[in-house]
Amino acid sequence: MSAEATNPATSGPVTSGVQRRRGRARLDLRRLGRAALLGPAARDRLPDAIGHVVEAHRAHYPDADLEPLRRAYVLAESSHRGQTRKSGEPYITHPLAVTLILAQLGAEITTLTASLLHDTVEDTDVTLDQVRAEFGDDVCYLVDGVTKLEKVDYGAAAEPETFRKMLVATGNDVRVMSIKLADRLHNMRTLGVMRPEKQARIAKVTRDVLIPLAERLGVQALKTELEDLVFAILHPQEYAEVQALITANAESEGDPLGDIAGEVRGVLREAGIAAEVLIRPRHFVSVHRVHRKRGELRASDYGRLLVLVNEDADCYGVLGELHTCFTPVVSEFKDFIAVPKFNLYQSLHTAVARPDGEVAEVLIRTHQMHQVAEAGVVALRNPYAPPSETSEEPPAGLGPSPGSGGDDERVDPTRPGWLSRLLDWQEAAPDPDTFWSTLREDLAQDREIAVFRPDGGTLGLPAGASCVDAAYAQYGEDAHACIGARVNGRLATLSTVLRDGDTVQLLMGQDATSGPSSEWLDHARTPGARIAIRRWLTTHPTPAPAPAQSGRRPPQQTPVAAPRPEAPDTTSRSAAASAVVDREGASVRLAGCCTPVPPDAITAFAVRGGAVTVHRVGCPGAERMKGVGRAEVGVRWGDTAEFRVTLTAESFGRAHLLADLTEAIALEGVAIISATVEPPTQQRVRHTYTLQLPDAAHLPGLMRAMRAVPGVYDVSRAQHPAAAAH
């Protein structure tokens, strides 16, 4: 298979003036039909009808055992004998065409065997037990998975159930989806025999669901041809315009892309880098996108250069030579080798310009990367069997990317993170309509980011996801108790949009009665998060709407006045009595800006009225007094009598938080002189307490007890501006 531009109205690719990669011929249905009517060959040789399949398979697996393929064809041909397609060809041509598509992509023998048999259980008298007895459990599972998808007729009500089954089957074995995609591609190629309205309906489903799934599985060769076929059916006028542009470019004089390719070959030859430089024509949809983005197209816009090398290091060597000998277009550089896409894709992307202004986009990858870029998971042979259990050697270089580790979803391409998330939320979708609309919306998000957990694990999320999405991705419905997050070490609201590479620590509360607010839906990008939030809100209705802000439901509390009158005279003298100053007869005051307590390092300054004010060393107020020339007074701590301290508790808002904090303080045997709760800002609440402690030893334990209250994320000594009276 190749991703060349293909004209769905003809049996071959559109002619172009630029050089094309040599591809295998399209399957000749008439030849297959004649071969099928002749019946199977003798047992000692392969049937002529599967000659194309054998040739394509041996290109990837020269030493493969083809006996299962022969037996599968014999069973499929005899079972489908007498059946015809709507186009008039023998029905056996369809499974043969599907199998050829997969063979060209590099599928292993189990997938090809199941592909030949994928319609037998549905349309003939063959049973799953027969398939299992003849070909084993793996082939039986794949045939059963595809059969379940085909049993449901397409229609407005049936489509959700069809694709729900598809996801479940794919979650257990991605080869089911591979067969389904190839099946859809061949059906789309022959869709012309159907009524226009049915063509349009099938094309829309292909566009909304199957093409995004092909993208996520990395099967670009299938995806690009499906895009062109859908484009021709749903947008015939735009398709005709693009076709005219491609034809006009093919007939024009000059070949700037070919000239640049020749120059690149010369540069790499002189540098001693063994490389294959090809011209990769854009397919129809790609040309259409570039045309809409740039307006008038240059000759070099109809294709890109593809440079294939042997080793990863050679990719960067090629990049260096190109950027040295040509002018690089910096904005076009992307490194998908160091950071592969979530669908296994690896390549370097760049663009270079010649002095005459011609610009060529360049893709640089190894031969192995190229196979994966074209075939995705199909190129992984049997991804579920260890090497010792299969006789087929995998194509060199396929598998997890170097350096991947932990639970990064790229380590296991057979169960990527996006697929696990789809499987999770599809189980929770309350009805088919919700599932169907959510599936299409999720698949439309074609870019993912990876964020890191504090333990080193990763979460794969769609671009634009917020901390709300991260919470539900990590904790499922337990994320209802999330009260905030730290992003890259800094406190952040749950509405914060995450970027690729961020580190996210989710802060969980312990109040079982609390839950998400309706505003969380405004910040949830993933289907799993939205479905879970809606389900919670449905079962926990609120009498009044919450204020429009992110985070948890606002606390049921208002600014609080002092619970008891403040008595500054007696308590201040008691607290200050433990601070001894080197000035006889002077009254001593502990500064309210920093509220020093034993065993803080302290300093003191004389103020008006003969009094001395004691500050913590380093207090901004003390520094200002030094700056204006105030003389310091010697001071030390005396007896540790009871003293007063002001503490500030920072928290996320929730109901009953003030009561819980007050109770925690009381249990420590500390008296509250005054308490103030500021109105919530961005769902953060600040509590300020002036407290009377029996002695300094109580302070660390008190602060730990306050921090342990659910919702509180920090407790600190108060820092107020120094009084102007000094």
# chains A, B, ... in the order shown; residues from 1 in each chain; ligands from 1
call {"tool": "residues_around", "arguments": {"residues": "His186 (chain A)", "least_positions_apart": "4", "cutoff": "8 Å", "atoms": "only C-alpha atoms", "output": "count of residues only"}}
result
5
call {"tool": "select_by_dssp", "arguments": {"residues": "region 201-249 of chain A", "states": "alpha helix (DSSP H)", "output": "ChimeraX atom specification"}}
result
/A:201-205,211-216,220-234,236-249
call {"tool": "residues_around", "arguments": {"residues": "region 482-491 of chain A", "least_positions_apart": "5", "cutoff": "6 Å", "atoms": "only C-alpha atoms", "output": "list of chain:residue names"}}
result
A:Thr503, A:Val504, A:Gln505, A:Leu506, A:Leu507, A:Met508, A:Gly509
call {"tool": "write_last_selection", "arguments": {"atoms": "all heavy atoms", "output": "PDB file, in the first residue's frame"}}
result
ATOM      1  N   THR A 503       4.003  18.478  34.838  1.00  0.00           N
ATOM      2  CA  THR A 503       3.882  17.541  35.962  1.00  0.00           C
ATOM      3  C   THR A 503       2.681  17.957  36.795  1.00  0.00           C
ATOM      4  O   THR A 503       2.571  19.119  37.200  1.00  0.00           O
ATOM      5  CB  THR A 503       5.146  17.549  36.824  1.00  0.00           C
ATOM      6  OG1 THR A 503       6.255  17.096  36.032  1.00  0.00           O
ATOM      7  CG2 THR A 503       4.990  16.626  38.025  1.00  0.00           C
ATOM      8  N   VAL A 504       1.770  17.021  37.048  1.00  0.00           N
ATOM      9  CA  VAL A 504       0.511  17.334  37.718  1.00  0.00           C
ATOM     10  C   VAL A 504       0.373  16.497  38.982  1.00  0.00           C
ATOM     11  O   VAL A 504       0.440  15.268  38.929  1.00  0.00           O
ATOM     12  CB  VAL A 504      -0.692  17.058  36.794  1.00  0.00           C
ATOM     13  CG1 VAL A 504      -1.989  17.420  37.501  1.00  0.00           C
ATOM     14  CG2 VAL A 504      -0.557  17.841  35.507  1.00  0.00           C
ATOM     15  N   GLN A 505       0.204  17.188  40.100  1.00  0.00           N
ATOM     16  CA  GLN A 505      -0.105  16.524  41.365  1.00  0.00           C
ATOM     17  C   GLN A 505      -1.524  16.899  41.744  1.00  0.00           C
ATOM     18  O   GLN A 505      -1.836  18.080  41.912  1.00  0.00           O
ATOM     19  CB  GLN A 505       0.867  16.954  42.467  1.00  0.00           C
ATOM     20  CG  GLN A 505       0.535  16.332  43.830  1.00  0.00           C
ATOM     21  CD  GLN A 505       1.395  16.897  44.941  1.00  0.00           C
ATOM     22  OE1 GLN A 505       2.219  17.775  44.708  1.00  0.00           O
ATOM     23  NE2 GLN A 505       1.201  16.416  46.155  1.00  0.00           N
ATOM     24  N   LEU A 506      -2.383  15.921  41.860  1.00  0.00           N
ATOM     25  CA  LEU A 506      -3.789  16.178  42.169  1.00  0.00           C
ATOM     26  C   LEU A 506      -4.014  16.099  43.671  1.00  0.00           C
ATOM     27  O   LEU A 506      -3.559  15.163  44.329  1.00  0.00           O
ATOM     28  CB  LEU A 506      -4.669  15.174  41.429  1.00  0.00           C
ATOM     29  CG  LEU A 506      -4.521  15.255  39.905  1.00  0.00           C
ATOM     30  CD1 LEU A 506      -5.075  14.011  39.244  1.00  0.00           C
ATOM     31  CD2 LEU A 506      -5.208  16.496  39.373  1.00  0.00           C
ATOM     32  N   LEU A 507      -4.696  17.091  44.215  1.00  0.00           N
ATOM     33  CA  LEU A 507      -4.942  17.184  45.652  1.00  0.00           C
ATOM     34  C   LEU A 507      -6.338  16.658  45.929  1.00  0.00           C
ATOM     35  O   LEU A 507      -7.328  17.187  45.417  1.00  0.00           O
ATOM     36  CB  LEU A 507      -4.807  18.635  46.123  1.00  0.00           C
ATOM     37  CG  LEU A 507      -3.492  19.325  45.728  1.00  0.00           C
ATOM     38  CD1 LEU A 507      -3.510  20.782  46.160  1.00  0.00           C
ATOM     39  CD2 LEU A 507      -2.310  18.599  46.333  1.00  0.00           C
ATOM     40  N   MET A 508      -6.411  15.605  46.730  1.00  0.00           N
ATOM     41  CA  MET A 508      -7.683  14.938  46.982  1.00  0.00           C
ATOM     42  C   MET A 508      -8.180  15.239  48.392  1.00  0.00           C
ATOM     43  O   MET A 508      -7.426  15.194  49.356  1.00  0.00           O
ATOM     44  CB  MET A 508      -7.528  13.425  46.801  1.00  0.00           C
ATOM     45  CG  MET A 508      -6.908  13.021  45.467  1.00  0.00           C
ATOM     46  SD  MET A 508      -7.895  13.538  44.047  1.00  0.00           S
ATOM     47  CE  MET A 508      -9.287  12.432  44.221  1.00  0.00           C
ATOM     48  N   GLY A 509      -9.469  15.550  48.499  1.00  0.00           N
ATOM     49  CA  GLY A 509     -10.086  15.777  49.799  1.00  0.00           C
ATOM     50  C   GLY A 509     -10.611  14.484  50.393  1.00  0.00           C
ATOM     51  O   GLY A 509     -10.581  13.427  49.762  1.00  0.00           O
TER      52      GLY A 509
END
call {"tool": "closest_residue", "arguments": {"among": "A:Lys86, A:Ile101, A:Tyr316, A:Ser78", "to": "Ala56 (chain A)", "atoms": "only C-alpha atoms"}}
result
A:Ile101
call {"tool": "atom_distance", "arguments": {"atom1": "CA of Val451 (chain A)", "atom2": "CA of Asp522 (chain A)"}}
result
20.5 Å
call {"tool": "closest_atom_pairs", "arguments": {"of": "region 90-147 of chain A", "to": "region 374-380 of chain A", "cutoff": "9 Å", "atoms": "only C-alpha atoms", "output": "tab-separated table"}}
result
residue	atom	partner	partner_atom	distance
A:Leu102	CA	A:Val378	CA	7.5
A:Leu105	CA	A:Ala375	CA	5.4
A:Gly106	CA	A:Ala379	CA	5.3
A:Ala107	CA	A:Val378	CA	5.3
A:Glu108	CA	A:Ala379	CA	8.1
A:Thr111	CA	A:Val378	CA	8.9
call {"tool": "residues_around", "arguments": {"residues": "Asp301 (chain A)", "least_positions_apart": "5", "cutoff": "9 Å", "atoms": "only C-alpha atoms", "output": "ChimeraX atom specification"}}
result
/A:257,282,287,290-291,359-361
call {"tool": "write_last_selection", "arguments": {"atoms": "all heavy atoms", "output": "CSV table (one decimal), in the first residue's frame"}}
result
chain,number,residue,atom,x,y,z
A,257,LEU,N,10.4,20.2,-7.5
A,257,LEU,CA,10.6,19.2,-6.5
A,257,LEU,C,11.6,18.1,-6.9
A,257,LEU,O,12.4,17.7,-6.1
A,257,LEU,CB,9.2,18.6,-6.1
A,257,LEU,CG,9.1,18.0,-4.7
A,257,LEU,CD1,9.4,19.0,-3.6
A,257,LEU,CD2,7.7,17.4,-4.5
A,282,ARG,N,1.3,14.4,-2.6
A,282,ARG,CA,0.2,14.6,-1.6
A,282,ARG,C,-1.0,13.9,-2.2
A,282,ARG,O,-1.3,13.9,-3.4
A,282,ARG,CB,-0.1,16.0,-1.4
A,282,ARG,CG,1.1,16.8,-0.6
A,282,ARG,CD,0.6,18.2,-0.4
A,282,ARG,NE,1.7,19.0,0.2
A,282,ARG,CZ,1.9,19.1,1.5
A,282,ARG,NH1,1.2,18.4,2.4
A,282,ARG,NH2,2.9,19.8,2.0
A,287,VAL,N,-3.8,18.0,-0.6
A,287,VAL,CA,-3.7,19.1,-1.6
A,287,VAL,C,-4.8,20.2,-1.3
A,287,VAL,O,-4.5,21.4,-1.3
A,287,VAL,CB,-3.7,18.6,-3.0
A,287,VAL,CG1,-3.8,19.8,-4.0
A,287,VAL,CG2,-2.5,17.8,-3.4
A,290,VAL,N,-3.8,22.2,1.9
A,290,VAL,CA,-2.8,23.1,1.6
A,290,VAL,C,-3.3,24.3,0.7
A,290,VAL,O,-2.9,25.5,1.0
A,290,VAL,CB,-1.6,22.5,0.9
A,290,VAL,CG1,-0.5,23.5,0.5
A,290,VAL,CG2,-0.9,21.4,1.8
A,291,HIS,N,-4.2,24.0,-0.2
A,291,HIS,CA,-4.7,25.0,-1.0
A,291,HIS,C,-5.6,26.0,-0.2
A,291,HIS,O,-5.5,27.2,-0.4
A,291,HIS,CB,-5.6,24.4,-2.1
A,291,HIS,CG,-6.1,25.3,-3.2
A,291,HIS,ND1,-7.4,25.3,-3.7
A,291,HIS,CD2,-5.5,26.4,-3.7
A,291,HIS,CE1,-7.5,26.3,-4.6
A,291,HIS,NE2,-6.4,27.0,-4.6
A,359,VAL,N,10.5,26.2,-2.0
A,359,VAL,CA,10.5,25.5,-0.7
A,359,VAL,C,10.0,24.1,-0.8
A,359,VAL,O,9.0,23.8,-1.5
A,359,VAL,CB,9.6,26.3,0.3
A,359,VAL,CG1,9.6,25.6,1.7
A,359,VAL,CG2,10.1,27.7,0.5
A,360,ALA,N,10.7,23.2,-0.2
A,360,ALA,CA,10.4,21.8,-0.2
A,360,ALA,C,10.2,21.3,1.3
A,360,ALA,O,11.1,21.5,2.1
A,360,ALA,CB,11.4,20.9,-0.9
A,361,GLU,N,9.1,20.7,1.6
A,361,GLU,CA,8.9,20.0,2.9
A,361,GLU,C,9.6,18.7,2.8
A,361,GLU,O,9.5,18.0,1.8
A,361,GLU,CB,7.4,19.8,3.2
A,361,GLU,CG,6.7,21.2,3.4
A,361,GLU,CD,5.3,20.9,3.8
A,361,GLU,OE1,5.0,19.9,4.5
A,361,GLU,OE2,4.4,21.7,3.4
call {"tool": "select_by_dssp", "arguments": {"residues": "region 608-685 of chain A", "states": "strand (DSSP E)", "output": "list in words"}}
result
Val612, Thr613, Val614, His615, Arg616, Glu632, Val633, Val635, Arg636, Trp637, Phe643, Arg644, Val645, Thr646, Leu647, Thr648, Ala649, Glu650, Ser651, Phe652, Ala671, Ile672, Ile673, Ser674, Ala675, Thr676, Val677, Arg684 and Val685 of chain A
call {"tool": "residues_around", "arguments": {"residues": "Ala708 (chain A)", "least_positions_apart": "3", "cutoff": "12 Å", "atoms": "only C-alpha atoms", "output": "list of chain:residue names"}}
result
A:Met508, A:Gly509, A:Gln510, A:Ala649, A:Ser651, A:Leu657, A:Asp660, A:Leu661, A:Glu663, A:Ala664, A:Ile665, A:Gly701, A:Leu702, A:Met703, A:Arg704, A:Ala705, A:Gly711, A:Val712, A:Tyr713, A:Asp714, A:Val715
call {"tool": "write_last_selection", "arguments": {"atoms": "C-alpha atoms", "output": "PDB file, in the first residue's frame"}}
result
ATOM      1  CA  MET A 508      -7.683  14.938  46.982  1.00  0.00           C
ATOM      2  CA  GLY A 509     -10.086  15.777  49.799  1.00  0.00           C
ATOM      3  CA  GLN A 510     -11.611  13.400  52.303  1.00  0.00           C
ATOM      4  CA  ALA A 649      -4.600  28.712  56.548  1.00  0.00           C
ATOM      5  CA  SER A 651      -7.549  26.102  51.513  1.00  0.00           C
ATOM      6  CA  LEU A 657     -14.375  23.779  56.423  1.00  0.00           C
ATOM      7  CA  ASP A 660     -13.465  21.495  60.909  1.00  0.00           C
ATOM      8  CA  LEU A 661     -10.564  23.925  61.299  1.00  0.00           C
ATOM      9  CA  GLU A 663     -12.399  21.846  65.914  1.00  0.00           C
ATOM     10  CA  ALA A 664      -8.813  20.906  64.981  1.00  0.00           C
ATOM     11  CA  ILE A 665      -7.479  24.006  66.783  1.00  0.00           C
ATOM     12  CA  GLY A 701       1.843  20.279  66.313  1.00  0.00           C
ATOM     13  CA  LEU A 702      -0.912  22.848  65.878  1.00  0.00           C
ATOM     14  CA  MET A 703       0.210  23.707  62.355  1.00  0.00           C
ATOM     15  CA  ARG A 704       0.370  19.995  61.436  1.00  0.00           C
ATOM     16  CA  ALA A 705      -3.148  19.460  62.775  1.00  0.00           C
ATOM     17  CA  GLY A 711      -9.094  20.992  51.837  1.00  0.00           C
ATOM     18  CA  VAL A 712      -6.244  22.823  53.598  1.00  0.00           C
ATOM     19  CA  TYR A 713      -3.105  22.895  51.514  1.00  0.00           C
ATOM     20  CA  ASP A 714      -0.907  25.316  53.491  1.00  0.00           C
ATOM     21  CA  VAL A 715      -0.613  26.845  56.978  1.00  0.00           C
TER      22      VAL A 715
END
call {"tool": "residues_around", "arguments": {"residues": "Leu498 (chain A)", "least_positions_apart": "5", "cutoff": "12 Å", "atoms": "only C-alpha atoms", "output": "VMD selection string"}}
result
chain A and resid 448 to 452 459 to 471 485 to 488 492 to 493 503 to 505 523 to 525
call {"tool": "write_last_selection", "arguments": {"atoms": "N, CA, C and O atoms", "output": "compact mmCIF listing (two decimals), in the first residue's frame"}}
result
# COMPACT_ATOMS: atom_id res chain seq x y z
N GLU A 448 -2.61 14.59 20.97
CA GLU A 448 -2.56 14.23 22.38
C GLU A 448 -1.33 14.83 23.04
O GLU A 448 -0.34 15.17 22.38
N ILE A 449 -1.41 14.98 24.35
CA ILE A 449 -0.28 15.41 25.15
C ILE A 449 -0.02 14.36 26.21
O ILE A 449 -0.89 13.55 26.54
N ALA A 450 1.19 14.36 26.75
CA ALA A 450 1.55 13.48 27.86
C ALA A 450 1.92 14.35 29.05
O ALA A 450 2.76 15.25 28.92
N VAL A 451 1.27 14.13 30.18
CA VAL A 451 1.62 14.85 31.40
C VAL A 451 2.11 13.83 32.42
O VAL A 451 1.71 12.66 32.39
N PHE A 452 2.98 14.27 33.32
CA PHE A 452 3.63 13.37 34.25
C PHE A 452 3.00 13.46 35.64
O PHE A 452 2.64 14.54 36.10
N LEU A 459 0.20 10.35 32.01
CA LEU A 459 -1.20 10.32 31.62
C LEU A 459 -1.28 10.86 30.19
O LEU A 459 -0.78 11.95 29.92
N GLY A 460 -1.90 10.12 29.30
CA GLY A 460 -2.13 10.61 27.95
C GLY A 460 -3.48 11.30 27.88
O GLY A 460 -4.50 10.72 28.26
N LEU A 461 -3.50 12.54 27.44
CA LEU A 461 -4.72 13.34 27.40
C LEU A 461 -4.82 14.05 26.06
O LEU A 461 -3.80 14.33 25.43
N PRO A 462 -6.03 14.39 25.63
CA PRO A 462 -6.14 15.17 24.40
C PRO A 462 -5.63 16.58 24.61
O PRO A 462 -5.67 17.11 25.72
N ALA A 463 -5.13 17.19 23.54
CA ALA A 463 -4.67 18.57 23.64
C ALA A 463 -5.82 19.44 24.12
O ALA A 463 -6.96 19.29 23.69
N GLY A 464 -5.51 20.37 25.04
CA GLY A 464 -6.53 21.23 25.61
C GLY A 464 -7.15 20.70 26.88
O GLY A 464 -8.02 21.35 27.47
N ALA A 465 -6.70 19.52 27.34
CA ALA A 465 -7.25 18.95 28.57
C ALA A 465 -6.85 19.78 29.77
O ALA A 465 -5.81 20.44 29.79
N SER A 466 -7.67 19.74 30.80
CA SER A 466 -7.44 20.51 32.02
C SER A 466 -7.11 19.57 33.18
O SER A 466 -7.08 18.35 33.04
N CYS A 467 -6.89 20.18 34.35
CA CYS A 467 -6.64 19.38 35.55
C CYS A 467 -7.85 18.51 35.89
O CYS A 467 -7.70 17.45 36.49
N VAL A 468 -9.05 18.96 35.53
CA VAL A 468 -10.24 18.12 35.74
C VAL A 468 -10.09 16.81 34.97
O VAL A 468 -10.34 15.72 35.50
N ASP A 469 -9.66 16.90 33.71
CA ASP A 469 -9.48 15.69 32.90
C ASP A 469 -8.39 14.79 33.49
O ASP A 469 -8.52 13.56 33.51
N ALA A 470 -7.31 15.41 33.97
CA ALA A 470 -6.23 14.62 34.57
C ALA A 470 -6.73 13.87 35.79
O ALA A 470 -6.37 12.72 36.03
N ALA A 471 -7.58 14.52 36.59
CA ALA A 471 -8.10 13.89 37.80
C ALA A 471 -8.91 12.65 37.46
O ALA A 471 -8.72 11.58 38.06
N ALA A 485 -4.98 21.19 42.49
CA ALA A 485 -3.84 20.57 41.83
C ALA A 485 -2.61 21.45 41.96
O ALA A 485 -2.71 22.66 42.20
N ARG A 486 -1.49 20.83 41.81
CA ARG A 486 -0.22 21.54 41.63
C ARG A 486 0.30 21.19 40.25
O ARG A 486 0.44 20.02 39.91
N VAL A 487 0.56 22.18 39.45
CA VAL A 487 1.10 21.99 38.11
C VAL A 487 2.51 22.53 38.09
O VAL A 487 2.74 23.71 38.36
N ASN A 488 3.46 21.63 37.85
CA ASN A 488 4.89 21.99 37.89
C ASN A 488 5.27 22.62 39.23
O ASN A 488 6.04 23.57 39.30
N ALA A 492 -2.61 25.33 41.34
CA ALA A 492 -3.37 25.70 40.14
C ALA A 492 -4.82 25.31 40.34
O ALA A 492 -5.15 24.37 41.08
N THR A 493 -5.71 26.05 39.70
CA THR A 493 -7.12 25.70 39.74
C THR A 493 -7.37 24.50 38.85
O THR A 493 -6.59 24.19 37.96
N THR A 503 4.00 18.48 34.84
CA THR A 503 3.88 17.54 35.96
C THR A 503 2.68 17.96 36.79
O THR A 503 2.57 19.12 37.20
N VAL A 504 1.77 17.02 37.05
CA VAL A 504 0.51 17.33 37.72
C VAL A 504 0.37 16.50 38.98
O VAL A 504 0.44 15.27 38.93
N GLN A 505 0.20 17.19 40.10
CA GLN A 505 -0.11 16.52 41.37
C GLN A 505 -1.52 16.90 41.74
O GLN A 505 -1.84 18.08 41.91
N HIS A 523 -14.74 22.80 31.90
CA HIS A 523 -13.29 22.60 31.80
C HIS A 523 -12.93 21.16 31.45
O HIS A 523 -11.75 20.86 31.29
N ALA A 524 -13.93 20.28 31.35
CA ALA A 524 -13.66 18.87 31.05
C ALA A 524 -13.64 18.67 29.55
O ALA A 524 -14.62 18.98 28.86
N ARG A 525 -12.55 18.13 29.04
CA ARG A 525 -12.40 17.89 27.61
C ARG A 525 -12.63 16.42 27.26
O ARG A 525 -13.03 16.10 26.16
call {"tool": "atom_distance", "arguments": {"atom1": "CA of Glu332 (chain A)", "atom2": "CA of Ser286 (chain A)"}}
result
16.3 Å
call {"tool": "residues_around", "arguments": {"residues": "region 198-209 of chain A", "least_positions_apart": "3", "cutoff": "7 Å", "atoms": "only C-alpha atoms", "output": "number ranges by chain"}}
result
A: 191, 194-195, 212-213, 230, 233-234, 440, 443
call {"tool": "closest_residue", "arguments": {"among": "A:Thr147, A:Tyr689, A:Ser716, A:Gln371", "to": "Ala221 (chain A)", "atoms": "only C-alpha atoms"}}
result
A:Gln371
call {"tool": "decode", "arguments": {"residues": "region 604-660 of chain A", "atoms": "C-alpha atoms", "output": "PDB file, in the first residue's frame"}}
result
ATOM      1  CA  ALA A 604      13.984  44.728  68.574  1.00  0.00           C
ATOM      2  CA  PHE A 605      13.677  48.449  67.877  1.00  0.00           C
ATOM      3  CA  ALA A 606      12.766  51.446  70.045  1.00  0.00           C
ATOM      4  CA  VAL A 607       9.602  53.199  68.893  1.00  0.00           C
ATOM      5  CA  ARG A 608       7.669  56.289  69.985  1.00  0.00           C
ATOM      6  CA  GLY A 609       6.571  56.472  73.587  1.00  0.00           C
ATOM      7  CA  GLY A 610       9.568  54.608  74.962  1.00  0.00           C
ATOM      8  CA  ALA A 611       8.261  51.201  73.859  1.00  0.00           C
ATOM      9  CA  VAL A 612      10.290  48.452  72.195  1.00  0.00           C
ATOM     10  CA  THR A 613       8.865  46.355  69.342  1.00  0.00           C
ATOM     11  CA  VAL A 614      10.135  42.794  68.848  1.00  0.00           C
ATOM     12  CA  HIS A 615      10.328  41.364  65.289  1.00  0.00           C
ATOM     13  CA  ARG A 616      11.428  38.120  63.775  1.00  0.00           C
ATOM     14  CA  VAL A 617      14.848  38.358  62.136  1.00  0.00           C
ATOM     15  CA  GLY A 618      14.321  38.865  58.434  1.00  0.00           C
ATOM     16  CA  CYS A 619      10.845  40.345  58.838  1.00  0.00           C
ATOM     17  CA  PRO A 620      10.218  42.942  56.085  1.00  0.00           C
ATOM     18  CA  GLY A 621       9.071  45.421  58.723  1.00  0.00           C
ATOM     19  CA  ALA A 622      12.323  45.008  60.631  1.00  0.00           C
ATOM     20  CA  GLU A 623      14.312  45.440  57.433  1.00  0.00           C
ATOM     21  CA  ARG A 624      12.501  48.686  56.691  1.00  0.00           C
ATOM     22  CA  MET A 625      13.255  49.973  60.181  1.00  0.00           C
ATOM     23  CA  LYS A 626      16.921  49.190  59.677  1.00  0.00           C
ATOM     24  CA  GLY A 627      16.770  50.987  56.374  1.00  0.00           C
ATOM     25  CA  VAL A 628      15.557  54.229  57.964  1.00  0.00           C
ATOM     26  CA  GLY A 629      18.280  54.115  60.597  1.00  0.00           C
ATOM     27  CA  ARG A 630      16.389  52.849  63.641  1.00  0.00           C
ATOM     28  CA  ALA A 631      18.794  51.553  66.289  1.00  0.00           C
ATOM     29  CA  GLU A 632      18.435  47.910  67.266  1.00  0.00           C
ATOM     30  CA  VAL A 633      17.845  46.995  70.900  1.00  0.00           C
ATOM     31  CA  GLY A 634      19.229  43.802  72.387  1.00  0.00           C
ATOM     32  CA  VAL A 635      16.525  41.200  72.992  1.00  0.00           C
ATOM     33  CA  ARG A 636      16.242  37.550  74.005  1.00  0.00           C
ATOM     34  CA  TRP A 637      13.571  35.106  74.962  1.00  0.00           C
ATOM     35  CA  GLY A 638      12.922  34.720  78.680  1.00  0.00           C
ATOM     36  CA  ASP A 639      10.576  32.292  80.361  1.00  0.00           C
ATOM     37  CA  THR A 640       8.265  30.537  77.868  1.00  0.00           C
ATOM     38  CA  ALA A 641       4.972  31.820  79.186  1.00  0.00           C
ATOM     39  CA  GLU A 642       1.868  31.494  77.031  1.00  0.00           C
ATOM     40  CA  PHE A 643       1.965  33.631  73.919  1.00  0.00           C
ATOM     41  CA  ARG A 644      -0.114  34.810  70.980  1.00  0.00           C
ATOM     42  CA  VAL A 645       0.467  33.902  67.313  1.00  0.00           C
ATOM     43  CA  THR A 646      -1.348  34.657  64.055  1.00  0.00           C
ATOM     44  CA  LEU A 647      -1.654  31.794  61.569  1.00  0.00           C
ATOM     45  CA  THR A 648      -3.005  31.858  58.011  1.00  0.00           C
ATOM     46  CA  ALA A 649      -4.600  28.712  56.548  1.00  0.00           C
ATOM     47  CA  GLU A 650      -4.897  28.510  52.738  1.00  0.00           C
ATOM     48  CA  SER A 651      -7.549  26.102  51.513  1.00  0.00           C
ATOM     49  CA  PHE A 652      -9.886  25.132  48.719  1.00  0.00           C
ATOM     50  CA  GLY A 653     -13.471  26.034  49.491  1.00  0.00           C
ATOM     51  CA  ARG A 654     -15.851  23.384  50.728  1.00  0.00           C
ATOM     52  CA  ALA A 655     -18.776  23.137  53.090  1.00  0.00           C
ATOM     53  CA  HIS A 656     -18.050  22.907  56.843  1.00  0.00           C
ATOM     54  CA  LEU A 657     -14.375  23.779  56.423  1.00  0.00           C
ATOM     55  CA  LEU A 658     -14.447  26.541  59.082  1.00  0.00           C
ATOM     56  CA  ALA A 659     -16.053  24.202  61.597  1.00  0.00           C
ATOM     57  CA  ASP A 660     -13.465  21.495  60.909  1.00  0.00           C
TER      58      ASP A 660
END
